[in-house]
>>> print(open('start39.txt').read())   # compact mmCIF, C-alpha atoms
# COMPACT_ATOMS: atom_id res chain seq x y z
CA MET U 1 24.52 152.71 90.38
CA LEU U 2 25.09 149.44 92.25
CA THR U 3 28.36 148.99 94.15
CA ALA U 4 30.16 145.64 94.42
CA ARG U 5 28.50 145.07 97.79
CA GLY U 6 25.17 146.07 96.28
CA VAL U 7 25.62 143.57 93.45
CA LEU U 8 26.32 140.74 95.89
CA ARG U 9 23.33 141.74 98.01
CA THR U 10 21.11 141.89 94.93
CA ILE U 11 22.27 138.44 93.78
CA SER U 12 21.56 136.93 97.19
CA GLN U 13 18.15 138.61 97.47
CA TRP U 14 17.11 137.66 93.96
CA GLY U 15 18.36 134.14 94.61
CA ALA U 16 16.23 133.91 97.75
CA ALA U 17 13.21 135.22 95.84
CA ALA U 18 13.77 132.71 93.02
CA ALA U 19 14.18 129.87 95.52
CA ALA U 20 10.90 130.87 97.16
CA GLY U 21 9.19 130.84 93.78
CA ALA U 22 10.60 127.42 92.92
CA LEU U 23 9.57 125.96 96.28
CA ALA U 24 6.08 127.41 95.98
CA ASP U 25 5.82 126.01 92.45
CA ALA U 26 6.91 122.56 93.63
CA ALA U 27 4.24 122.74 96.33
CA GLU U 28 1.66 123.67 93.66
CA VAL U 29 0.93 127.01 95.27
CA PRO U 30 -1.35 129.10 93.02
CA LEU U 31 0.60 131.85 91.25
CA ALA U 32 3.79 130.52 92.85
CA TRP U 33 6.27 132.63 90.89
CA VAL U 34 4.45 135.82 91.88
CA LEU U 35 3.70 134.93 95.49
CA GLY U 36 7.11 133.50 96.43
CA PRO U 37 9.19 136.49 95.24
CA LEU U 38 6.53 138.90 96.57
CA VAL U 39 6.75 137.53 100.13
CA ILE U 40 10.55 137.32 100.20
CA THR U 41 10.97 140.80 98.71
CA ALA U 42 8.44 142.26 101.18
CA VAL U 43 10.31 140.68 104.11
CA PHE U 44 13.61 142.15 102.94
CA SER U 45 11.99 145.52 102.31
CA ILE U 46 10.25 145.75 105.68
CA ALA U 47 13.51 144.71 107.35
CA GLY U 48 15.13 147.79 105.82
CA SER U 49 16.98 146.18 102.90
CA THR U 50 14.71 146.71 99.90
CA PRO U 51 15.87 144.48 97.01
CA TYR U 52 16.84 146.11 93.74
CA ALA U 53 13.66 145.98 91.65
CA PRO U 54 14.02 148.39 88.73
CA VAL U 55 10.93 149.65 86.96
CA GLN U 56 12.30 148.25 83.70
CA ALA U 57 12.08 144.72 85.15
CA ARG U 58 8.47 145.25 86.16
CA ARG U 59 7.64 146.51 82.69
CA LEU U 60 9.35 143.51 81.12
CA GLY U 61 7.27 141.28 83.38
CA GLN U 62 4.12 143.07 82.26
CA ILE U 63 5.05 142.61 78.58
CA ILE U 64 5.59 138.88 79.14
CA VAL U 65 2.28 138.54 80.98
CA GLY U 66 0.51 140.53 78.28
CA THR U 67 1.94 138.16 75.67
CA VAL U 68 0.82 135.12 77.67
CA ILE U 69 -2.73 136.45 78.02
CA GLY U 70 -2.83 137.58 74.39
CA LEU U 71 -2.23 134.01 73.23
CA ASN U 72 -5.61 133.12 74.79
CA MET U 73 -7.57 135.83 72.97
CA THR U 74 -9.23 133.89 70.18
CA THR U 75 -11.87 135.52 67.97
CA GLU U 76 -14.61 133.48 69.64
CA ALA U 77 -13.44 134.48 73.12
CA ALA U 78 -13.31 138.18 72.21
CA ALA U 79 -16.76 138.08 70.60
CA SER U 80 -18.27 136.47 73.70
CA LEU U 81 -17.21 139.48 75.78
CA LEU U 82 -19.76 141.73 74.07
CA VAL U 83 -22.53 139.91 75.92
CA TRP U 84 -20.84 140.71 79.22
CA LEU U 85 -20.01 144.36 78.48
CA PRO U 86 -22.99 145.89 80.41
CA VAL U 87 -22.13 143.71 83.42
CA MET U 88 -18.48 144.74 83.16
CA VAL U 89 -19.45 148.43 83.28
CA LEU U 90 -21.80 147.79 86.21
CA THR U 91 -19.06 145.89 88.04
CA ALA U 92 -16.62 148.76 87.61
CA ILE U 93 -19.19 151.17 89.09
CA VAL U 94 -20.01 148.82 91.98
CA SER U 95 -16.33 148.37 92.86
CA MET U 96 -15.75 152.13 92.84
CA LEU U 97 -18.78 152.90 95.00
CA LEU U 98 -17.84 150.13 97.43
CA ALA U 99 -14.33 151.53 97.78
CA ALA U 100 -15.73 155.04 98.28
CA ALA U 101 -18.13 153.85 100.97
CA ILE U 102 -15.45 151.94 102.87
CA SER U 103 -12.90 154.75 102.55
CA GLY U 104 -14.74 156.89 105.10
CA ILE U 105 -14.47 154.13 107.70
CA VAL U 106 -10.81 153.53 106.88
CA ALA U 107 -10.03 157.26 107.14
CA ARG U 108 -11.50 157.44 110.64
CA GLY U 109 -10.04 154.14 111.80
CA ALA U 110 -6.54 154.78 110.44
CA GLY U 111 -6.42 158.49 111.27
CA ILE U 112 -5.78 159.69 107.73
CA ASP U 113 -7.66 162.11 105.49
CA GLY U 114 -10.61 160.97 103.41
CA CYS U 115 -8.97 161.83 100.11
CA SER U 116 -5.99 159.55 100.80
CA ALA U 117 -8.24 156.71 101.95
CA TYR U 118 -10.46 157.06 98.88
CA PHE U 119 -7.68 156.91 96.29
CA ALA U 120 -5.86 154.21 98.27
CA LEU U 121 -8.82 151.83 98.17
CA LEU U 122 -9.89 152.36 94.56
CA PRO U 123 -9.01 149.29 92.45
CA GLY U 124 -7.07 151.27 89.85
CA GLY U 125 -3.43 151.48 88.88
CA LEU U 126 -1.05 152.53 91.65
CA THR U 127 0.71 155.14 89.55
CA GLU U 128 -2.52 156.63 88.25
CA MET U 129 -4.18 156.75 91.68
CA ALA U 130 -1.08 158.23 93.31
CA ASN U 131 -0.71 160.92 90.64
CA VAL U 132 -4.39 161.93 90.57
CA GLY U 133 -4.75 161.68 94.34
CA SER U 134 -1.67 163.80 94.99
CA ARG U 135 -3.05 166.60 92.82
CA LEU U 136 -6.19 166.58 94.97
CA GLY U 137 -4.32 166.57 98.29
CA ALA U 138 -3.94 162.84 99.00
CA ARG U 139 -0.80 161.35 100.57
CA SER U 140 1.08 159.29 98.00
CA GLU U 141 2.78 157.07 100.61
CA ALA U 142 -0.62 156.04 102.01
CA ILE U 143 -1.88 155.21 98.52
CA SER U 144 1.26 153.19 97.77
CA LEU U 145 0.98 151.16 100.97
CA VAL U 146 -2.70 150.28 100.60
CA HIS U 147 -2.38 149.39 96.92
CA ALA U 148 0.54 147.08 97.74
CA LEU U 149 -1.54 145.46 100.49
CA ARG U 150 -4.54 145.12 98.16
CA VAL U 151 -2.58 143.28 95.49
CA ALA U 152 -0.59 141.18 97.97
CA LEU U 153 -3.60 140.08 100.03
CA THR U 154 -5.64 139.33 96.92
CA VAL U 155 -2.84 137.24 95.41
CA MET U 156 -2.48 135.32 98.67
CA ILE U 157 -6.18 134.63 99.20
CA VAL U 158 -8.24 134.68 95.99
CA PRO U 159 -6.31 132.05 93.97
CA TRP U 160 -6.40 129.69 96.96
CA ALA U 161 -10.13 130.26 97.35
CA VAL U 162 -10.70 129.53 93.66
CA VAL U 163 -8.70 126.30 93.85
CA MET U 164 -10.61 125.20 96.94
CA MET U 165 -13.93 125.90 95.21
CA ASP U 166 -13.08 124.15 91.95
CA THR U 167 -12.89 120.41 92.54
CA GLN U 168 -11.47 119.91 89.04
CA ALA U 169 -8.69 122.46 89.41
CA ASP U 170 -5.34 120.94 88.58
CA ILE U 171 -3.00 123.88 88.46
CA GLY U 172 -1.48 124.45 85.06
CA LEU U 173 -2.81 121.19 83.62
CA ARG U 174 -6.60 121.28 83.40
CA GLY U 175 -7.81 121.47 79.81
CA GLY U 176 -4.78 119.62 78.49
CA PRO U 177 -1.26 120.87 77.68
CA ARG U 178 -0.70 123.33 74.87
CA VAL U 179 2.08 123.28 72.30
CA VAL U 180 5.18 125.19 73.42
CA LEU U 181 6.14 127.73 70.78
CA ASP U 182 9.50 127.50 69.01
CA LEU U 183 12.16 130.19 69.43
CA PRO U 184 11.51 131.94 66.05
CA ILE U 185 7.81 132.31 66.94
CA VAL U 186 8.70 133.59 70.40
CA VAL U 187 10.98 136.22 68.83
CA LEU U 188 8.18 137.22 66.45
CA LEU U 189 5.77 137.57 69.37
CA ALA U 190 8.32 139.64 71.29
CA ALA U 191 8.63 142.03 68.35
CA ALA U 192 4.84 142.31 68.07
CA ALA U 193 4.55 142.91 71.83
CA VAL U 194 7.15 145.69 71.73
CA ILE U 195 5.42 147.36 68.78
CA GLY U 196 2.07 147.17 70.56
CA THR U 197 3.62 148.68 73.67
CA LEU U 198 5.19 151.55 71.72
CA VAL U 199 1.89 152.33 70.00
CA LEU U 200 -0.04 152.51 73.28
CA ARG U 201 2.71 154.59 74.88
CA LYS U 202 2.48 157.00 71.96
CA VAL U 203 -1.22 157.58 72.63
CA ARG U 204 -0.55 157.73 76.41
CA PHE U 205 -2.68 154.67 77.20
CA SER U 206 -2.76 153.38 80.78
CA ASN U 207 -0.42 150.42 81.43
CA PRO U 208 0.84 150.25 77.82
CA TRP U 209 3.38 147.52 78.58
CA MET U 210 0.88 144.83 79.45
CA LEU U 211 -2.05 146.01 77.35
CA GLY U 212 0.10 146.79 74.29
CA ALA U 213 1.57 143.30 74.31
CA LEU U 214 -1.85 141.78 74.98
CA ALA U 215 -3.47 143.65 72.08
CA ALA U 216 -0.74 142.91 69.53
CA VAL U 217 -0.39 139.23 70.39
CA GLY U 218 -4.17 138.90 70.80
CA VAL U 219 -4.65 140.05 67.20
CA MET U 220 -2.15 137.43 66.01
CA ALA U 221 -3.79 134.67 68.07
CA GLY U 222 -7.32 135.72 67.11
CA SER U 223 -6.46 135.67 63.41
CA GLY U 224 -5.03 132.16 63.70
CA LEU U 225 -1.46 133.18 62.91
CA VAL U 226 -0.10 131.65 66.11
CA GLU U 227 -1.34 129.11 68.63
CA GLY U 228 0.41 127.72 71.67
CA GLN U 229 2.12 128.91 74.84
CA LEU U 230 5.42 130.50 75.81
CA PRO U 231 8.17 128.33 77.30
CA ALA U 232 7.60 127.94 81.04
CA PRO U 233 10.82 129.75 82.09
CA LEU U 234 9.63 132.91 80.31
CA LEU U 235 6.31 132.79 82.15
CA TRP U 236 8.13 132.28 85.45
CA LEU U 237 10.40 135.24 84.69
CA GLY U 238 7.44 137.54 84.02
CA GLN U 239 5.75 136.50 87.25
CA PHE U 240 9.03 136.84 89.16
CA PHE U 241 9.49 140.48 88.14
CA ILE U 242 5.88 141.36 88.96
CA GLY U 243 6.09 139.69 92.38
CA MET U 244 9.28 141.53 93.24
CA ALA U 245 7.80 144.84 92.12
CA VAL U 246 4.84 144.42 94.49
CA GLY U 247 6.99 143.23 97.39
CA ALA U 248 9.38 146.17 97.03
CA ARG U 249 6.51 148.59 97.73
CA PHE U 250 6.45 147.61 101.41
CA LYS U 251 8.89 150.30 102.46
CA ARG U 252 10.09 150.10 106.06
CA ASP U 253 9.67 153.81 106.77
CA ILE U 254 6.09 153.81 105.45
CA MET U 255 5.16 150.75 107.50
CA ARG U 256 6.58 152.43 110.59
CA ARG U 257 4.73 155.70 110.01
CA LEU U 258 1.41 154.14 109.05
CA PRO U 259 0.92 150.95 111.09
CA ARG U 260 -2.73 151.73 111.82
CA LEU U 261 -3.41 152.28 108.15
CA ALA U 262 -1.84 148.91 107.31
CA LEU U 263 -4.07 147.10 109.83
CA VAL U 264 -7.32 148.94 109.12
CA SER U 265 -6.92 148.85 105.34
CA SER U 266 -6.09 145.13 105.42
CA LEU U 267 -9.40 144.45 107.18
CA ALA U 268 -11.19 146.69 104.69
CA ILE U 269 -9.59 144.90 101.73
CA LEU U 270 -10.66 141.51 103.07
CA PHE U 271 -14.21 142.80 103.60
CA MET U 272 -14.35 144.18 100.07
CA ALA U 273 -13.09 140.85 98.71
CA LEU U 274 -15.94 139.05 100.46
CA VAL U 275 -18.50 141.53 99.14
CA MET U 276 -17.24 141.18 95.58
CA ALA U 277 -17.23 137.37 95.87
CA GLY U 278 -20.89 137.61 96.85
CA TYR U 279 -21.45 139.91 93.89
CA ALA U 280 -19.85 137.30 91.60
CA PHE U 281 -22.26 134.70 92.95
CA ALA U 282 -25.17 137.08 92.28
CA ILE U 283 -24.26 137.69 88.63
CA LYS U 284 -23.50 134.00 88.00
CA SER U 285 -27.12 133.53 86.93
CA LEU U 286 -26.69 136.08 84.11
CA GLY U 287 -24.41 133.94 81.98
CA ALA U 288 -22.89 130.54 81.45
CA SER U 289 -19.46 131.38 82.83
CA ASP U 290 -18.19 129.47 85.86
CA LEU U 291 -18.19 131.03 89.32
CA GLU U 292 -14.41 130.69 89.69
CA SER U 293 -13.75 132.84 86.60
CA LEU U 294 -16.28 135.43 87.77
CA ILE U 295 -14.64 135.70 91.20
CA LEU U 296 -11.30 136.41 89.54
CA ALA U 297 -12.99 138.82 87.13
CA VAL U 298 -14.65 140.99 89.81
CA SER U 299 -11.89 140.80 92.45
CA SER U 300 -9.90 143.89 93.31
CA GLY U 301 -6.57 142.18 92.64
CA GLY U 302 -4.13 143.44 90.08
CA PHE U 303 -4.84 143.05 86.35
CA ALA U 304 -1.76 140.92 85.74
CA GLU U 305 -2.15 138.77 88.84
CA MET U 306 -5.79 137.81 88.30
CA THR U 307 -5.42 137.11 84.58
CA LEU U 308 -2.36 134.99 85.34
CA THR U 309 -4.37 133.02 87.88
CA ALA U 310 -7.05 132.38 85.27
CA GLN U 311 -4.33 131.29 82.83
CA MET U 312 -2.72 128.87 85.28
CA LEU U 313 -6.06 127.29 86.23
CA HIS U 314 -7.32 127.21 82.63
CA LEU U 315 -10.36 129.30 83.51
CA ASP U 316 -11.98 131.91 81.25
CA VAL U 317 -8.97 134.15 80.65
CA ALA U 318 -10.78 136.36 78.13
CA LEU U 319 -13.60 137.06 80.58
CA VAL U 320 -11.22 137.95 83.42
CA THR U 321 -9.21 140.16 81.07
CA GLY U 322 -12.32 141.95 79.83
CA PHE U 323 -13.63 142.71 83.32
CA HIS U 324 -10.28 144.03 84.55
CA PHE U 325 -9.70 146.08 81.41
CA VAL U 326 -13.09 147.82 81.70
CA ARG U 327 -12.61 148.39 85.41
CA ALA U 328 -9.11 149.82 84.97
CA PHE U 329 -10.32 152.18 82.25
CA ALA U 330 -13.34 153.27 84.32
CA VAL U 331 -11.45 153.76 87.58
CA ASN U 332 -8.52 155.61 86.05
CA SER U 333 -10.91 157.87 84.09
CA LEU U 334 -13.60 158.50 86.72
CA ALA U 335 -11.71 158.48 90.03
CA ALA U 336 -11.25 162.27 90.20
CA PRO U 337 -14.76 163.22 88.94
CA LEU U 338 -16.36 160.77 91.37
CA TRP U 339 -14.36 162.22 94.26
CA CYS U 340 -15.43 165.76 93.40
CA TRP U 341 -19.06 164.62 93.09
CA LEU U 342 -18.94 162.88 96.48
CA ILE U 343 -17.49 166.02 98.06
CA LYS U 344 -20.33 168.10 96.65
CA LEU U 345 -22.84 165.63 98.06
CA GLY U 346 -21.17 165.88 101.44
CA TRP U 347 -20.71 162.10 101.55
CA LEU U 348 -16.97 162.32 102.18
CA ARG U 349 -14.91 165.07 103.68
CA GLY U 350 -12.03 166.11 101.51
CA SER U 351 -8.78 166.50 103.41
CA GLN U 352 -9.95 166.65 107.00
CA HIS U 353 -8.38 164.20 109.44
>>> encode(input="start39.txt", output="C-alpha cells")
Amino acid sequence: MLTARGVLRTISQWGAAAAAGALADAAEVPLAWVLGPLVITAVFSIAGSTPYAPVQARRLGQIIVGTVIGLNMTTEAAASLLVWLPVMVLTAIVSMLLAAAISGIVARGAGIDGCSAYFALLPGGLTEMANVGSRLGARSEAISLVHALRVALTVMIVPWAVVMMDTQADIGLRGGPRVVLDLPIVVLLAAAAVIGTLVLRKVRFSNPWMLGALAAVGVMAGSGLVEGQLPAPLLWLGQFFIGMAVGARFKRDIMRRLPRLALVSSLAILFMALVMAGYAFAIKSLGASDLESLILAVSSGGFAEMTLTAQMLHLDVALVTGFHFVRAFAVNSLAAPLWCWLIKLGWLRGSQH
C-alpha cells in the first residue's frame, strides 16, 4: 500500500512520464506516448526508484490498444490474411530458429547458461517465456531483462526506420482522419472488450486482455456495426500504461548483476532486427503489401507496440496483427519442445555456463 510519501513520488514520476510523452508527441516522435513514458520510467527504475506501475494498469493499456486495433479489422482485411497465413507460419519458425542460433553466442558472451539465453531471446510473451524457462532451469531475471531490452530497443529504432523509409509517412494523418466515436459507442466498445477479455481468460488464452478486446471489437467493426476511432486521450492513456510497464522492468539490481548480458543481448537484438528487416525485403515480392508494414510485421518488437506503430502510420494494421498473433501463438506453444529438440541434437547445451 502506498504511503503519503509514496503517493507524492508516484504523482511526480507519472507527471514526468506524461510530460515526456507530450513532448515526444509534439515533436512527432513515432509512438510518442509509449516511448516517452518508457524512457523516463526506465531512468527512474535504473536509478533505484522504480515508479509505481501496477499490473492492472498494463492490462488496461492492453485492452485499450486491443480496442484500437480491433476497430481496423474489417471483413476485407481479415479475409486478406488467409493469403499470408503460410508466410506468417514460416516467419514464426524463422524468428524462433534465429533466436535459438544467436542464443548460443549470447550465452558465451554474457556468461550465462544457454537455457536462459534461449528463452530470453525468443520473441514471445515475457510472462510465458519466464514461466516456461524457469521450469526448465532458466534464470527469470535474465529473461526479464532481455525481453525489456528487446521491446525497448525495437520501439526506439523500428518506428523511426519505417518513417525514414516511407516518404509519404505523416504520423497519425496519412490516409485521412477518421470519425471520433461518441461516448455511448465508446462505452459499448468497452463492454464488448471486457467481455472478450473474460472469455479468453476463461479458456486460458495467452494475453487475453489485448487479444480479447481485439477479437470482440474486431467482430463489431468487421460486421459494420461500428466505424471510427477512439478519442485521442484514450489512445494516449493506453500507450502511457504500456510504456511505463516496459520501463519498470529495468530493475536496478538486475542491471547491476547482469551488465554483460545487457550489452551482449542489446547487440544481438540489433543484429536480429537487421536480419528480419532483410527477411521482410525478401518476402516483399510474395504479395502486394508495402515494405514498411512487412518490417513491422516480422520485427521482434512487442505485439502492442508494433500494431500501434502501424495504426499511427496508417499502414496495414491487419497484416501486422496477423503476423504477430501467429508468431506469439507459435512461440508460446513451441518454445519448450524446440528447446528439448535442440538439446537432443546437441546444438545447444542446456544449463552449462
>>> closest_atom_pairs(input="start39.txt", of="stretch 45-108 of chain U", to="stretch 34-37 of chain U", cutoff="12 Å", atoms="all atoms listed in the file", output="JSON lines")
{"residue": "U:Ser45", "atom": "CA", "partner": "U:Pro37", "partner_atom": "CA", "distance": 11.8}
{"residue": "U:Pro51", "atom": "CA", "partner": "U:Pro37", "partner_atom": "CA", "distance": 10.6}
{"residue": "U:Ala53", "atom": "CA", "partner": "U:Pro37", "partner_atom": "CA", "distance": 11.1}
{"residue": "U:Arg58", "atom": "CA", "partner": "U:Val34", "partner_atom": "CA", "distance": 11.7}
{"residue": "U:Gly61", "atom": "CA", "partner": "U:Val34", "partner_atom": "CA", "distance": 10.5}
{"residue": "U:Val65", "atom": "CA", "partner": "U:Val34", "partner_atom": "CA", "distance": 11.4}
>>> residues_near_point(input="start39.txt", point="(-15.7, 143.8, 77.5)", cutoff="10 Å", atoms="only C-alpha atoms", output="list in words")
Ala78, Ala79, Ser80, Leu81, Leu82, Val83, Trp84, Leu85, Pro86, Val87, Met88, Val89, Ala318, Leu319, Val320, Thr321, Gly322, Phe323, His324, Phe325, Val326 and Arg327 of chain U
>>> residues_around(input="start39.txt", residues="U:Ser266", least_positions_apart="4", cutoff="12 Å", atoms="all atoms listed in the file", output="number ranges by chain")
U: 102, 106, 109-110, 120-121, 145-154, 259-262, 270-273
>>> closest_residue(input="start39.txt", among="U:Ala16, U:Leu291, U:Ala297, U:Leu188", to="U:Leu230", atoms="all atoms listed in the file")
U:Leu188
>>> residues_around(input="start39.txt", residues="U:Ala191", least_positions_apart="2", cutoff="12 Å", atoms="all atoms listed in the file", output="PyMOL selection string")
chain U and resi 63-64+67+184-189+193-198+212-213+216-217+220
>>> atom_distance(input="start39.txt", atom1="atom CA of U:Ile242", atom2="atom CA of U:Val55")
9.9 Å
>>> atom_distance(input="start39.txt", atom1="atom CA of U:Trp33", atom2="atom CA of U:Ala215")
23.9 Å
>>> atom_distance(input="start39.txt", atom1="atom CA of U:Ala328", atom2="atom CA of U:Gly124")
5.5 Å
>>> closest_residue(input="start39.txt", among="U:Met276, U:Val199, U:Ala268, U:Ala18", to="U:Ala101", atoms="all atoms listed in the file")
U:Ala268
>>> residues_around(input="start39.txt", residues="U:Cys115", least_positions_apart="3", cutoff="12 Å", atoms="all atoms listed in the file", output="PyMOL selection string")
chain U and resi 99-100+103-104+106-108+111-112+118-122+129-130+132-140+142-143+335-336+338-340+342-343+347-353
>>> residues_around(input="start39.txt", residues="U:Asn72", least_positions_apart="5", cutoff="9 Å", atoms="only C-alpha atoms", output="PyMOL selection string")
chain U and resi 77+218+221-222+227-229+311+317-318
>>> write_last_selection(input="start39.txt", atoms="C-alpha atoms", output="compact mmCIF listing (two decimals), in the frame of the given file")
# COMPACT_ATOMS: atom_id res chain seq x y z
CA ALA U 77 -13.44 134.48 73.12
CA GLY U 218 -4.17 138.90 70.80
CA ALA U 221 -3.79 134.67 68.07
CA GLY U 222 -7.32 135.72 67.11
CA GLU U 227 -1.34 129.11 68.63
CA GLY U 228 0.41 127.72 71.67
CA GLN U 229 2.12 128.91 74.84
CA GLN U 311 -4.33 131.29 82.83
CA VAL U 317 -8.97 134.15 80.65
CA ALA U 318 -10.78 136.36 78.13
>>> closest_residue(input="start39.txt", among="U:Ile93, U:Leu8, U:Ala192, U:Leu308", to="U:Asn332", atoms="only C-alpha atoms")
U:Ile93
>>> residues_near_point(input="start39.txt", point="(-8.3, 141.6, 91.2)", cutoff="9 Å", atoms="only C-alpha atoms", output="PyMOL selection string")
chain U and resi 123+150-151+154-155+158+273+295-307+324
>>> write_last_selection(input="start39.txt", atoms="C-alpha atoms", output="PDB file, keeping the file's coordinate frame")
ATOM      1  CA  PRO U 123      -9.010 149.290  92.450  1.00  0.00           C
ATOM      2  CA  ARG U 150      -4.540 145.120  98.160  1.00  0.00           C
ATOM      3  CA  VAL U 151      -2.580 143.280  95.490  1.00  0.00           C
ATOM      4  CA  THR U 154      -5.640 139.330  96.920  1.00  0.00           C
ATOM      5  CA  VAL U 155      -2.840 137.240  95.410  1.00  0.00           C
ATOM      6  CA  VAL U 158      -8.240 134.680  95.990  1.00  0.00           C
ATOM      7  CA  ALA U 273     -13.090 140.850  98.710  1.00  0.00           C
ATOM      8  CA  ILE U 295     -14.640 135.700  91.200  1.00  0.00           C
ATOM      9  CA  LEU U 296     -11.300 136.410  89.540  1.00  0.00           C
ATOM     10  CA  ALA U 297     -12.990 138.820  87.130  1.00  0.00           C
ATOM     11  CA  VAL U 298     -14.650 140.990  89.810  1.00  0.00           C
ATOM     12  CA  SER U 299     -11.890 140.800  92.450  1.00  0.00           C
ATOM     13  CA  SER U 300      -9.900 143.890  93.310  1.00  0.00           C
ATOM     14  CA  GLY U 301      -6.570 142.180  92.640  1.00  0.00           C
ATOM     15  CA  GLY U 302      -4.130 143.440  90.080  1.00  0.00           C
ATOM     16  CA  PHE U 303      -4.840 143.050  86.350  1.00  0.00           C
ATOM     17  CA  ALA U 304      -1.760 140.920  85.740  1.00  0.00           C
ATOM     18  CA  GLU U 305      -2.150 138.770  88.840  1.00  0.00           C
ATOM     19  CA  MET U 306      -5.790 137.810  88.300  1.00  0.00           C
ATOM     20  CA  THR U 307      -5.420 137.110  84.580  1.00  0.00           C
ATOM     21  CA  HIS U 324     -10.280 144.030  84.550  1.00  0.00           C
TER      22      HIS U 324
END
>>> closest_atom_pairs(input="start39.txt", of="stretch 231-262 of chain U", to="stretch 19-32 of chain U", cutoff="9 Å", atoms="all atoms listed in the file", output="CSV")
residue,atom,partner,partner_atom,distance
U:Trp236,CA,U:Gly21,CA,8.5
U:Gln239,CA,U:Leu31,CA,8.0
U:Phe240,CA,U:Gly21,CA,7.6
>>> closest_residue(input="start39.txt", among="U:Met244, U:Val180, U:Leu315, U:Leu345", to="U:Trp14", atoms="all atoms listed in the file")
U:Met244
>>> closest_residue(input="start39.txt", among="U:Gly243, U:Gly224, U:Gly125, U:Gly346", to="U:Asn207", atoms="all atoms listed in the file")
U:Gly125
>>> closest_residue(input="start39.txt", among="U:Val68, U:Ala248, U:Ala4, U:Leu200", to="U:Pro54", atoms="only C-alpha atoms")
U:Ala248
